[in-house]
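Novice: Sharing a structure, written as structure tokens. Questions coming.
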Amino acid sequence: MAGPANENGFDEQLYNRQTYAIGADAQARLGRTDVLVCGVTGLGQELVKNIMLTGVRSVALFDPRPVEWRDLAAAFYFTDAAVGSNRVDACLEKLQELNKYCAVSKLDAAELTEEKIAEWKAASLARHAESQQVVVYVDHPTSQLTAVNEYCRTNGVKFIAAESRGLAGSIFVDNGPAHTVFDTDGEEVKTLLVTHLGNAVIVHDDHRHELSDGHTVMFTDLPEFPEMHNESLTVAEPKYFQVKVTGPFSFTLEKDGKPYDTTGFKYVRGGYVTRVKQPESMPFLSLAESIAAPEFLTTDFAKLEAPATLHQLFLALHEYEKQHGRAPAPHNAADAEAVLALVKANKAKFPDVEVDEALVKLLASTAWGNLNPMAGVLGGFAAHEVLKAASGKFTPIKQWFYMDARECLPEALPAADQCQPQNNRYDGTAAVFGREFLQRVQNGKYFVVGCGALGCEFLKNLAMVGAGCGADGSVVVTDMDAIEKSNLSRQLLYRPADIGCVKSEVAAKAAQALNPDIHVKALTERVCPETDHIFDDGFWESMDCVINALDNVQARLHVDAKCVYYRKPLLESGTLGSKGNVQVVYPFVTESYGSTRDPPEKTVPFCTLKNFPNAIEHTIQWSRDQFEGLFTNAPRDANCYITEDNFLEVLAKEPSTRIPTLLSIRAALTTDKPATFEDCVAWARRKFDEMFSNDIRTLLHNFPLDQTTTSGEPFWSGAKRPPQVIEFSPNDATHCEFVYHAAMLRAFNYNIKPTAGIVEVATFAASLAALPWVAKKVKIQTDEKAKADAPEVDETASPEEIAAHLPPRAGLTGSALQVAEFEKDDDTNHHIDFITACSNLRARNYKIPEADRNRTKQIAGKIIPAMVTTTALVTGLVGFELFKVLQKGRKIEDFKNAFLNLAIPFVTLSEPGKAPENTYGNPDAPTKWTLWDRFDVDEGKDITLAQFIDLFEERHELEISMISAGVCTIYAFFQKQAEKKKRLGTKLSELVAQISKQALAPNQKYINMEVCADYDGETADVPSIRYKFRN
């Protein structure tokens, strides 16, 4: 299908968030991949949805079976009316809407024979000689697929099988006897600064090298050592070395399997080292071989023996279904015993396996069920394995993945009669949990905060399990953002026609289309202190569970604090490319999201950015700053001068920026004001000379190459690399791109129509004389701890003199400039193009390896890599935790936090952190409390400050010395007696209103307070207080 493809053959704007996670080469290989999916159950639809959104070329669907009622518990594109019809026919049209670039079709046949697979593969290869084929069997008895697996291995077709069986699931992967992995971990390749060559290579201590023994590296910017030096990272014959790690910042080298001696090197300065990822061959066993000798991916270290038991369980379930023509009936003890008997009968083939018999019976009794969270987890993981098989990116599963979610079941199991099918869309869920618990799910009230990739999946999942679908149930979702094109590759509820619409409103309607029973309300407000009047006490108190789908820490912390205050369960999660995490926050049991914090993000010293960059991130940030200064701030300041009567008076109060701002305005409106596009080009050429030639000359004039520090060491050493001057050349593409895009942006600022293309611009720029350089001594900041100085200016005039020469405002009416507000996703606005050229020229000045446009866009735009596969898996894991938080009295060991990296692959499920305990009071019998505890003071009326203080003395033996409400101090022992006496006799709500000078909201019932108190003369660490002053 036609579309705006880039040079790699895919729509970069649509897939850019994913491309940042897997790379353009892998994305292009996906575009040459055809997938055959056999089985369009709920798990099948999850898998197909994910692989279509990742960007495979086509998906062929085979499933001759009819839709069953239990399918609807997870199959989001089946409706009640579809029951009894063919599964593929019932969802084919809706699946095609997901991605116009991925053709989805029905493979129409009575059975999927080897001949049919051969025909499908031949058609795939006819489209492209390098096409890749992947066959995925979904919810078929995997152990009975050995023949088709052998056919696929023999014919170069990748093979994956996945099964969802109630609270248990499995994935099997066979990528053939000689699968090649081009990138085992997907981690970004870092270029590190070399600071020493001697007994070992030592890199700068701002970043650990994160290398492992045997990793391959190459060096640049080491011309003094030609046997190691490469002119660039893309030389035709690179000089590679292998490393042996000696520390987090050091390693020795090996070449051709032998140590490479660097001890005699007389190193002074220079050098970058970059890891080079090498292809690795990974052979896979056939299905038959792997059944007999399975290798498992361990995910839960509290259940290390579970995979072996689950392997036996699934083999037994396959045999049971073969014998009986059905799955074991829900919570049927006799059927569960029959499955266990089959496990025991298989003991001779697996004599070393100790089977957990109780687990076999428990999971067999739920195997008829069909759970949306299990489909989400397996569908996300299996789709990620399709991506790996097709692209050679990341390490595949070797070769079995099993999981069970037994902890979701209550201690008292549901009765069998509660779990029998009733021919409705909730049969699959009720078969596991029973109708009584299902009603609790349906009548719950849920708040989904955010409606991006995570939020869309959450809404879909809530609709599938019936959450908010009862008479008393509801789902509230809020998001103020609008839908963008890049959202469509991972947010299944949105379509191209929705671009520009509000996310929450579109998603709410889409969720209702998936399940008409759901009661969902869309809001467009941000959840923050400014909207507490919307999300008030009544709102939070009504909720049964809060689900975060946010992308920034501050918003997460705010919602977390609200959940702690109102004592509501919070399900927190996040993704970053192939990585993801899940955290359960459960009242009075676990710690909160805010209990632990990531270390603050490292900031780059100002002097490094301005004069001593040593990494491409530094040059990109510098170039982004140049963009803001030249094309955003300068025209904005000029506009303020034109339109604001008191602008100069206000500016006079900013002495550090006054002169630079006045000079910028003067240049924008007089000395540098362009009249034609040629003027814009001339200005851009002058900026080139100034930034990459003259400023570098000035730096080297002030700090010559032989400069030494006060201790006698070379100044240009370590992280400080001497720059080199760049002279403009029309034959250098990057030089021309800088001048062209700078000129285009300058023309935009002044609303001048461009009259030349890049070739003509380069020719004209080359005809201009270079900007003269004059040697001068200037103050250059070298202290890394120093903050940014005021902009340097070469001006002897006073600010008053400069202002006097500004053009009269009266004559500037209607001549406002256009401000270029940075926008990363518009490929026609020259923003990223300018920053890329500017950054790479700056990198050349300092011999830093350059970055392409995509990499520059990611860093400058602070783009977070995202993948629908990771999102699906994470939200599936959250779905299991939702079942748990709706059950009262759950213990901490019942919950599962998760951290995963599907690239490696690595998934670990672990017990959440316990809420830390504090104590106060009698040392022999202290009162214990956690972040979930507080003093709730409700006397049925508003009381005075004196009564409040007495209450704590009488009930808690606490002597209060200070009380605060927000930023207001209500009471303090050191206050003057007259003031203290007056306050003691005043009601608390009146005091708070008086001191804060703000009336309490009409619907406000509580005042939150903190106190300093003593117990028996010693300072006591006590909880906060919630004081109810009105009913």
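All residue names refer to the structure tokens as shown: chains lettered A, B, ... in order, residues numbered from 1 in each chain, ligands numbered from 1 in order.
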If you count only C-alpha atoms, which residues fall within 12 Å of region 971-983 of chain A, apart from same-chain ones fewer than 6 positions away, as a list in words?

Specialist: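 Once the nearby chain positions are removed, what remains is Ile943, Thr944, Leu945, Ala946, Gln947, Phe948, Ile949, Glu959, Ile960, Ser961, Met962, Ile963, Ser964, Ala965, Ser989, Glu990, Leu991, Val992, Gln994, Ile995, Met1009, Glu1010, Val1011, Cys1012 and Ala1013 of chain A.
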
Novice: May I have the selected residues written with N, CA and C atoms, as a PDB file, in the first residue's frame?

Specialist:
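The file below, result39.pdb, is the result:
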ATOM      1  N   ILE A 943     -14.038  22.264  66.019  1.00  0.00           N
ATOM      2  CA  ILE A 943     -13.615  22.514  67.395  1.00  0.00           C
ATOM      3  C   ILE A 943     -12.537  23.591  67.426  1.00  0.00           C
ATOM      4  N   THR A 944     -12.280  24.109  68.639  1.00  0.00           N
ATOM      5  CA  THR A 944     -11.271  25.156  68.791  1.00  0.00           C
ATOM      6  C   THR A 944      -9.878  24.552  68.826  1.00  0.00           C
ATOM      7  N   LEU A 945      -8.903  25.419  68.643  1.00  0.00           N
ATOM      8  CA  LEU A 945      -7.507  24.987  68.718  1.00  0.00           C
ATOM      9  C   LEU A 945      -7.199  24.400  70.086  1.00  0.00           C
ATOM     10  N   ALA A 946      -7.705  25.016  71.151  1.00  0.00           N
ATOM     11  CA  ALA A 946      -7.452  24.496  72.503  1.00  0.00           C
ATOM     12  C   ALA A 946      -8.033  23.106  72.658  1.00  0.00           C
ATOM     13  N   GLN A 947      -9.249  22.895  72.160  1.00  0.00           N
ATOM     14  CA  GLN A 947      -9.864  21.575  72.262  1.00  0.00           C
ATOM     15  C   GLN A 947      -9.063  20.540  71.477  1.00  0.00           C
ATOM     16  N   PHE A 948      -8.557  20.967  70.349  1.00  0.00           N
ATOM     17  CA  PHE A 948      -7.762  20.074  69.506  1.00  0.00           C
ATOM     18  C   PHE A 948      -6.487  19.637  70.240  1.00  0.00           C
ATOM     19  N   ILE A 949      -5.793  20.590  70.861  1.00  0.00           N
ATOM     20  CA  ILE A 949      -4.559  20.277  71.589  1.00  0.00           C
ATOM     21  C   ILE A 949      -4.860  19.379  72.776  1.00  0.00           C
ATOM     22  N   GLU A 959       2.033  15.918  73.633  1.00  0.00           N
ATOM     23  CA  GLU A 959       2.007  17.359  73.888  1.00  0.00           C
ATOM     24  C   GLU A 959       2.412  18.072  72.608  1.00  0.00           C
ATOM     25  N   ILE A 960       1.450  18.758  71.997  1.00  0.00           N
ATOM     26  CA  ILE A 960       1.681  19.417  70.710  1.00  0.00           C
ATOM     27  C   ILE A 960       2.390  20.752  70.923  1.00  0.00           C
ATOM     28  N   SER A 961       3.477  20.958  70.165  1.00  0.00           N
ATOM     29  CA  SER A 961       4.223  22.211  70.268  1.00  0.00           C
ATOM     30  C   SER A 961       4.107  23.071  69.015  1.00  0.00           C
ATOM     31  N   MET A 962       3.676  22.464  67.901  1.00  0.00           N
ATOM     32  CA  MET A 962       3.540  23.230  66.661  1.00  0.00           C
ATOM     33  C   MET A 962       2.534  22.531  65.751  1.00  0.00           C
ATOM     34  N   ILE A 963       1.717  23.327  65.064  1.00  0.00           N
ATOM     35  CA  ILE A 963       0.740  22.789  64.121  1.00  0.00           C
ATOM     36  C   ILE A 963       0.835  23.608  62.834  1.00  0.00           C
ATOM     37  N   SER A 964       0.884  22.918  61.696  1.00  0.00           N
ATOM     38  CA  SER A 964       0.881  23.611  60.404  1.00  0.00           C
ATOM     39  C   SER A 964      -0.145  22.967  59.488  1.00  0.00           C
ATOM     40  N   ALA A 965      -0.728  23.785  58.635  1.00  0.00           N
ATOM     41  CA  ALA A 965      -1.650  23.323  57.594  1.00  0.00           C
ATOM     42  C   ALA A 965      -1.147  23.893  56.280  1.00  0.00           C
ATOM     43  N   SER A 989     -11.149  25.713  61.587  1.00  0.00           N
ATOM     44  CA  SER A 989     -11.412  26.088  60.192  1.00  0.00           C
ATOM     45  C   SER A 989     -11.307  27.597  60.009  1.00  0.00           C
ATOM     46  N   GLU A 990     -11.753  28.357  61.021  1.00  0.00           N
ATOM     47  CA  GLU A 990     -11.646  29.810  60.944  1.00  0.00           C
ATOM     48  C   GLU A 990     -10.187  30.248  60.983  1.00  0.00           C
ATOM     49  N   LEU A 991      -9.393  29.572  61.836  1.00  0.00           N
ATOM     50  CA  LEU A 991      -7.971  29.906  61.934  1.00  0.00           C
ATOM     51  C   LEU A 991      -7.267  29.699  60.596  1.00  0.00           C
ATOM     52  N   VAL A 992      -7.535  28.555  59.976  1.00  0.00           N
ATOM     53  CA  VAL A 992      -6.879  28.247  58.705  1.00  0.00           C
ATOM     54  C   VAL A 992      -7.267  29.277  57.655  1.00  0.00           C
ATOM     55  N   GLN A 994      -8.266  32.367  58.154  1.00  0.00           N
ATOM     56  CA  GLN A 994      -7.677  33.669  58.508  1.00  0.00           C
ATOM     57  C   GLN A 994      -6.200  33.724  58.150  1.00  0.00           C
ATOM     58  N   ILE A 995      -5.461  32.695  58.551  1.00  0.00           N
ATOM     59  CA  ILE A 995      -4.006  32.728  58.384  1.00  0.00           C
ATOM     60  C   ILE A 995      -3.612  32.562  56.918  1.00  0.00           C
ATOM     61  N   MET A1009      -3.165  18.442  58.423  1.00  0.00           N
ATOM     62  CA  MET A1009      -2.222  19.136  59.287  1.00  0.00           C
ATOM     63  C   MET A1009      -1.050  18.243  59.657  1.00  0.00           C
ATOM     64  N   GLU A1010       0.061  18.901  59.899  1.00  0.00           N
ATOM     65  CA  GLU A1010       1.248  18.252  60.445  1.00  0.00           C
ATOM     66  C   GLU A1010       1.513  18.862  61.819  1.00  0.00           C
ATOM     67  N   VAL A1011       2.008  18.043  62.767  1.00  0.00           N
ATOM     68  CA  VAL A1011       2.270  18.553  64.116  1.00  0.00           C
ATOM     69  C   VAL A1011       3.664  18.144  64.571  1.00  0.00           C
ATOM     70  N   CYS A1012       4.242  18.967  65.409  1.00  0.00           N
ATOM     71  CA  CYS A1012       5.418  18.589  66.183  1.00  0.00           C
ATOM     72  C   CYS A1012       4.907  18.303  67.599  1.00  0.00           C
ATOM     73  N   ALA A1013       5.297  17.146  68.121  1.00  0.00           N
ATOM     74  CA  ALA A1013       4.758  16.747  69.419  1.00  0.00           C
ATOM     75  C   ALA A1013       5.810  16.032  70.237  1.00  0.00           C
TER      76      ALA A1013
END

Novice: Using only C-alpha atoms, which residue out of A:Gly500, A:Pro723, A:Gly198, A:Gly876 lies closest to Gly379 (chain A)?

Specialist: A:Gly876

Novice: Show me, as JSON, numbers by chain, the residues that have an atom within 6 Å of region 849-865 of chain A when counting only C-alpha atoms, minus same-chain residues fewer than 2 positions from it.

Specialist: {"A": [17, 18, 20, 21, 576, 577, 824, 836, 840]}

Novice: Those residues with all heavy atoms, as a PDB file, in the first residue's frame please?

Specialist:
ATOM      1  N   ARG A  17       8.643   6.061  17.239  1.00  0.00           N
ATOM      2  CA  ARG A  17       8.884   5.693  18.642  1.00  0.00           C
ATOM      3  C   ARG A  17       9.439   4.278  18.738  1.00  0.00           C
ATOM      4  O   ARG A  17      10.291   3.989  19.562  1.00  0.00           O
ATOM      5  CB  ARG A  17       7.601   5.813  19.468  1.00  0.00           C
ATOM      6  CG  ARG A  17       6.964   7.202  19.491  1.00  0.00           C
ATOM      7  CD  ARG A  17       7.922   8.281  20.009  1.00  0.00           C
ATOM      8  NE  ARG A  17       7.257   9.546  20.251  1.00  0.00           N
ATOM      9  CZ  ARG A  17       7.162  10.538  19.382  1.00  0.00           C
ATOM     10  NH1 ARG A  17       7.689  10.408  18.167  1.00  0.00           N
ATOM     11  NH2 ARG A  17       6.550  11.668  19.703  1.00  0.00           N
ATOM     12  N   GLN A  18       8.943   3.387  17.873  1.00  0.00           N
ATOM     13  CA  GLN A  18       9.453   2.016  17.868  1.00  0.00           C
ATOM     14  C   GLN A  18      10.831   1.937  17.223  1.00  0.00           C
ATOM     15  O   GLN A  18      11.697   1.187  17.680  1.00  0.00           O
ATOM     16  CB  GLN A  18       8.489   1.096  17.131  1.00  0.00           C
ATOM     17  CG  GLN A  18       8.990  -0.347  17.018  1.00  0.00           C
ATOM     18  CD  GLN A  18       7.965  -1.276  16.443  1.00  0.00           C
ATOM     19  OE1 GLN A  18       7.043  -1.663  17.128  1.00  0.00           O
ATOM     20  NE2 GLN A  18       8.105  -1.636  15.168  1.00  0.00           N
ATOM     21  N   TYR A  20      13.164   4.000  17.393  1.00  0.00           N
ATOM     22  CA  TYR A  20      14.175   4.372  18.379  1.00  0.00           C
ATOM     23  C   TYR A  20      14.497   3.209  19.312  1.00  0.00           C
ATOM     24  O   TYR A  20      15.548   3.203  19.951  1.00  0.00           O
ATOM     25  CB  TYR A  20      13.720   5.582  19.186  1.00  0.00           C
ATOM     26  CG  TYR A  20      13.724   6.854  18.365  1.00  0.00           C
ATOM     27  CD1 TYR A  20      12.587   7.641  18.269  1.00  0.00           C
ATOM     28  CD2 TYR A  20      14.852   7.257  17.670  1.00  0.00           C
ATOM     29  CE1 TYR A  20      12.586   8.797  17.502  1.00  0.00           C
ATOM     30  CE2 TYR A  20      14.855   8.397  16.905  1.00  0.00           C
ATOM     31  CZ  TYR A  20      13.724   9.174  16.824  1.00  0.00           C
ATOM     32  OH  TYR A  20      13.732  10.306  16.054  1.00  0.00           O
ATOM     33  N   ALA A  21      13.615   2.223  19.392  1.00  0.00           N
ATOM     34  CA  ALA A  21      13.870   1.056  20.236  1.00  0.00           C
ATOM     35  C   ALA A  21      14.575  -0.064  19.487  1.00  0.00           C
ATOM     36  O   ALA A  21      15.392  -0.784  20.067  1.00  0.00           O
ATOM     37  CB  ALA A  21      12.554   0.527  20.817  1.00  0.00           C
ATOM     38  N   LEU A 576       9.778   1.515  28.530  1.00  0.00           N
ATOM     39  CA  LEU A 576      10.856   2.222  27.837  1.00  0.00           C
ATOM     40  C   LEU A 576      11.421   1.261  26.806  1.00  0.00           C
ATOM     41  O   LEU A 576      12.266   0.429  27.120  1.00  0.00           O
ATOM     42  CB  LEU A 576      11.945   2.658  28.816  1.00  0.00           C
ATOM     43  CG  LEU A 576      13.150   3.385  28.203  1.00  0.00           C
ATOM     44  CD1 LEU A 576      12.721   4.727  27.630  1.00  0.00           C
ATOM     45  CD2 LEU A 576      14.245   3.581  29.243  1.00  0.00           C
ATOM     46  N   GLY A 577      10.909   1.343  25.572  1.00  0.00           N
ATOM     47  CA  GLY A 577      11.333   0.401  24.549  1.00  0.00           C
ATOM     48  C   GLY A 577      10.947  -1.012  24.933  1.00  0.00           C
ATOM     49  O   GLY A 577       9.774  -1.315  25.172  1.00  0.00           O
ATOM     50  N   LYS A 824       9.364  18.821  16.990  1.00  0.00           N
ATOM     51  CA  LYS A 824      10.234  17.743  16.497  1.00  0.00           C
ATOM     52  C   LYS A 824       9.587  16.872  15.425  1.00  0.00           C
ATOM     53  O   LYS A 824      10.289  16.231  14.634  1.00  0.00           O
ATOM     54  CB  LYS A 824      10.660  16.853  17.664  1.00  0.00           C
ATOM     55  CG  LYS A 824       9.509  16.136  18.362  1.00  0.00           C
ATOM     56  CD  LYS A 824      10.001  15.359  19.569  1.00  0.00           C
ATOM     57  CE  LYS A 824       8.853  14.630  20.268  1.00  0.00           C
ATOM     58  NZ  LYS A 824       7.855  15.565  20.822  1.00  0.00           N
ATOM     59  N   THR A 836      20.539  19.152  13.594  1.00  0.00           N
ATOM     60  CA  THR A 836      21.423  18.059  13.180  1.00  0.00           C
ATOM     61  C   THR A 836      22.702  18.603  12.548  1.00  0.00           C
ATOM     62  O   THR A 836      23.810  18.198  12.912  1.00  0.00           O
ATOM     63  CB  THR A 836      20.699  17.131  12.185  1.00  0.00           C
ATOM     64  OG1 THR A 836      19.527  16.610  12.802  1.00  0.00           O
ATOM     65  CG2 THR A 836      21.611  15.983  11.763  1.00  0.00           C
ATOM     66  N   ASN A 840      26.424  18.391  14.321  1.00  0.00           N
ATOM     67  CA  ASN A 840      27.503  17.628  13.701  1.00  0.00           C
ATOM     68  C   ASN A 840      28.700  18.511  13.356  1.00  0.00           C
ATOM     69  O   ASN A 840      29.851  18.059  13.408  1.00  0.00           O
ATOM     70  CB  ASN A 840      26.990  16.900  12.467  1.00  0.00           C
ATOM     71  CG  ASN A 840      26.176  15.672  12.832  1.00  0.00           C
ATOM     72  OD1 ASN A 840      26.347  15.111  13.916  1.00  0.00           O
ATOM     73  ND2 ASN A 840      25.289  15.247  11.949  1.00  0.00           N
TER      74      ASN A 840
END

Novice: Which neighbours of region 535-542 of chain A fall inside 10 Å, counting only C-alpha atoms, when residues of the same chain fewer than 3 positions from it are skipped, and could you give them as a PyMOL selection string?

Specialist: chain A and resi 444-447+525-532+545-546+562-563+565-568+1003-1006

Novice: Where does DSSP see helix (DSSP H, G or I) in region 508-592 of chain A, if you list the residues as a ChimeraX atom specification?

Specialist: /A:508-514,529-531,537-542,553-566

Novice: Name all residues at most 12 Å from Asp672 (chain A) (count only C-alpha atoms; drop same-chain ones fewer than 2 positions away) and give them as a PDB file with C-alpha atoms, in the first residue's frame.

Specialist:
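Result file part_38.pdb:
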ATOM      1  CA  ALA A 634      15.320  36.646  19.538  1.00  0.00           C
ATOM      2  CA  LEU A 663      21.534  44.075  21.308  1.00  0.00           C
ATOM      3  CA  SER A 664      19.466  41.158  20.025  1.00  0.00           C
ATOM      4  CA  ILE A 665      16.459  43.417  19.450  1.00  0.00           C
ATOM      5  CA  ARG A 666      18.608  46.035  17.730  1.00  0.00           C
ATOM      6  CA  ALA A 667      20.074  43.409  15.424  1.00  0.00           C
ATOM      7  CA  ALA A 668      16.675  41.855  14.693  1.00  0.00           C
ATOM      8  CA  LEU A 669      15.014  45.154  13.850  1.00  0.00           C
ATOM      9  CA  THR A 670      17.859  47.161  12.310  1.00  0.00           C
ATOM     10  CA  PRO A 674      16.880  40.945   6.173  1.00  0.00           C
ATOM     11  CA  ALA A 675      14.954  42.292   3.195  1.00  0.00           C
ATOM     12  CA  THR A 676      15.476  39.357   0.819  1.00  0.00           C
ATOM     13  CA  ASP A 679      20.107  38.465   3.128  1.00  0.00           C
ATOM     14  CA  CYS A 680      18.982  35.421   5.087  1.00  0.00           C
ATOM     15  CA  VAL A 681      21.629  33.281   3.395  1.00  0.00           C
ATOM     16  CA  ALA A 682      24.326  35.891   4.082  1.00  0.00           C
ATOM     17  CA  TRP A 683      23.307  35.969   7.750  1.00  0.00           C
ATOM     18  CA  ALA A 684      23.438  32.153   7.913  1.00  0.00           C
ATOM     19  CA  ARG A 686      28.089  34.696   8.977  1.00  0.00           C
ATOM     20  CA  LYS A 687      26.671  32.473  11.714  1.00  0.00           C
ATOM     21  CA  ARG A 746      15.584  33.124   9.279  1.00  0.00           C
ATOM     22  CA  TYR A 750      10.723  37.480   8.799  1.00  0.00           C
TER      23      TYR A 750
END

Novice: Which residue out of A:Leu651, A:Ala367, A:Leu36, A:Leu877 has the minimum interatomic distance to Val584 (chain A) when only C-alpha atoms are used?

Specialist: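 The closest residue to Val584 (chain A) is A:Leu877.
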
Novice: When you look at Asn372 (chain A) with a cut-off of 9 Å (counting only C-alpha atoms), what residues show up, excluding the ones that are within fewer than 3 positions of it in the same chain? I need them as a list in words.

Specialist: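 So the residues in contact are Gly42, Leu43, Ala73, Ala74, Ala75, Ala375, Gly376, Val377, Gly428, Thr429, Asn461, Leu462, Met464, Val465, Gly876 and Gly879 of chain A.
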
Novice: Extract, using only C-alpha atoms, all DNA, RNA and protein residues at most 12 Å from His701 (chain A), discarding same-chain residues fewer than 2 positions from it, and format them as a ChimeraX atom specification.

Specialist: /A:694-699,703-707,722-725,773-780

Novice: Quick one: write out the picked residues with N, CA, C and O atoms as a compact mmCIF listing (two decimals), in the first residue's frame?

Specialist:
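The resulting file, selection-v1.txt, is shown below:
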# COMPACT_ATOMS: atom_id res chain seq x y z
N ASN A 694 35.39 31.28 14.00
CA ASN A 694 35.94 32.37 14.81
C ASN A 694 35.86 32.10 16.31
O ASN A 694 36.80 32.43 17.05
N ASP A 695 34.76 31.57 16.77
CA ASP A 695 34.67 31.26 18.20
C ASP A 695 35.70 30.22 18.62
O ASP A 695 36.24 30.26 19.73
N ILE A 696 36.00 29.28 17.72
CA ILE A 696 37.00 28.26 18.01
C ILE A 696 38.39 28.89 18.02
O ILE A 696 39.22 28.58 18.90
N ARG A 697 38.66 29.81 17.10
CA ARG A 697 39.94 30.52 17.09
C ARG A 697 40.12 31.30 18.40
O ARG A 697 41.21 31.31 18.97
N THR A 698 39.05 31.93 18.85
CA THR A 698 39.13 32.71 20.10
C THR A 698 39.43 31.80 21.28
O THR A 698 40.25 32.14 22.15
N LEU A 699 38.80 30.65 21.31
CA LEU A 699 39.04 29.70 22.41
C LEU A 699 40.50 29.24 22.41
O LEU A 699 41.16 29.21 23.46
N PHE A 703 43.39 29.69 25.12
CA PHE A 703 43.94 28.47 25.69
C PHE A 703 44.72 27.73 24.60
O PHE A 703 44.18 26.81 23.97
N PRO A 704 45.97 28.13 24.34
CA PRO A 704 46.76 27.48 23.29
C PRO A 704 46.95 25.99 23.58
O PRO A 704 46.77 25.52 24.70
N LEU A 705 47.34 25.25 22.55
CA LEU A 705 47.50 23.81 22.69
C LEU A 705 48.54 23.44 23.74
O LEU A 705 48.48 22.36 24.33
N ASP A 706 49.52 24.33 23.98
CA ASP A 706 50.56 24.02 24.97
C ASP A 706 50.24 24.62 26.35
O ASP A 706 51.09 24.63 27.24
N GLN A 707 49.01 25.07 26.53
CA GLN A 707 48.60 25.64 27.83
C GLN A 707 48.69 24.58 28.92
O GLN A 707 48.35 23.41 28.70
N PRO A 722 41.06 19.62 22.61
CA PRO A 722 41.26 20.85 21.83
C PRO A 722 40.44 20.81 20.55
O PRO A 722 40.44 19.81 19.82
N PRO A 723 39.72 21.88 20.23
CA PRO A 723 38.91 21.90 19.01
C PRO A 723 39.75 22.26 17.78
O PRO A 723 40.90 22.67 17.90
N GLN A 724 39.15 22.10 16.63
CA GLN A 724 39.78 22.48 15.38
C GLN A 724 38.84 23.40 14.61
O GLN A 724 37.62 23.28 14.67
N VAL A 725 39.43 24.35 13.90
CA VAL A 725 38.66 25.34 13.14
C VAL A 725 38.09 24.70 11.88
O VAL A 725 38.75 23.88 11.23
N TRP A 773 38.20 37.53 11.65
CA TRP A 773 38.43 37.20 13.05
C TRP A 773 39.45 38.16 13.63
O TRP A 773 40.48 38.44 13.00
N VAL A 774 39.14 38.64 14.83
CA VAL A 774 40.05 39.54 15.53
C VAL A 774 40.44 38.88 16.84
O VAL A 774 39.57 38.49 17.63
N ALA A 775 41.76 38.77 17.06
CA ALA A 775 42.23 38.15 18.30
C ALA A 775 41.83 39.00 19.50
O ALA A 775 41.98 40.22 19.48
N LYS A 776 41.32 38.33 20.54
CA LYS A 776 40.93 39.06 21.74
C LYS A 776 40.95 38.11 22.93
O LYS A 776 40.75 36.90 22.79
N LYS A 777 41.21 38.69 24.07
CA LYS A 777 41.18 37.94 25.31
C LYS A 777 39.77 38.07 25.91
O LYS A 777 39.24 39.18 26.04
N VAL A 778 39.17 36.94 26.20
CA VAL A 778 37.84 36.95 26.81
C VAL A 778 37.83 36.03 28.02
O VAL A 778 38.68 35.14 28.16
N LYS A 779 36.87 36.25 28.89
CA LYS A 779 36.70 35.40 30.06
C LYS A 779 35.96 34.14 29.64
O LYS A 779 34.85 34.20 29.12
N ILE A 780 36.60 32.98 29.84
CA ILE A 780 36.00 31.70 29.46
C ILE A 780 35.86 30.85 30.71
O ILE A 780 36.84 30.59 31.43

Novice: By how many Å are CA of Val148 (chain A) and CA of Asp34 (chain A) apart?

Specialist: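 Calculated distance between CA of Val148 (chain A) and CA of Asp34 (chain A) is 17.4 Å.
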
Novice: When distances are computed from only C-alpha atoms, which of A:Leu988, A:Ser798, A:Gly247, A:Tyr272 shows the smallest separation from Gly718 (chain A)?

Specialist: A:Tyr272

Novice: I need the residue nearest Asn155 (chain A) from this list: A:Thr919, A:Ser693, A:Gln132, A:Asn751. Use only C-alpha atoms for the distance.

Specialist: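 Among the listed residues, the smallest separation from Asn155 (chain A) belongs to A:Gln132.
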
Novice: Choose the residue, out of A:Asn423, A:Ser290, A:Thr191, A:Ser910, that has the smallest atom-to-atom separation from Gly84 (chain A); count only C-alpha atoms.

Specialist: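 Looking at the shortest contact to Gly84 (chain A), the residue is A:Asn423.
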
Novice: Mind listing the strand (DSSP E) residues of region 217-386 of chain A, per DSSP on the backbone, as a PyMOL selection string?

Specialist: chain A and resi 217-220+229-230+241-247+250-255+258-260+272-276+280-282

Novice: With distances taken over only C-alpha atoms, which of A:Ile835, A:Ala843, A:Leu931, A:Ala60 is nearest to Gly39 (chain A)?

Specialist: A:Ala60

Novice: May I have a table of the residues of region 434-464 of chain A lying at most 9 Å from region 408-421 of chain A, giving each one's closest pair of atoms and their distance in Å to one decimal, counting only C-alpha atoms, ordered by chain and ascending residue number, as a tab-separated table?

Specialist:
residue	atom	partner	partner_atom	distance
A:Gly434	CA	A:Cys419	CA	4.5
A:Arg435	CA	A:Gln418	CA	5.4
A:Glu436	CA	A:Gln418	CA	7.2
A:Phe437	CA	A:Pro414	CA	8.6
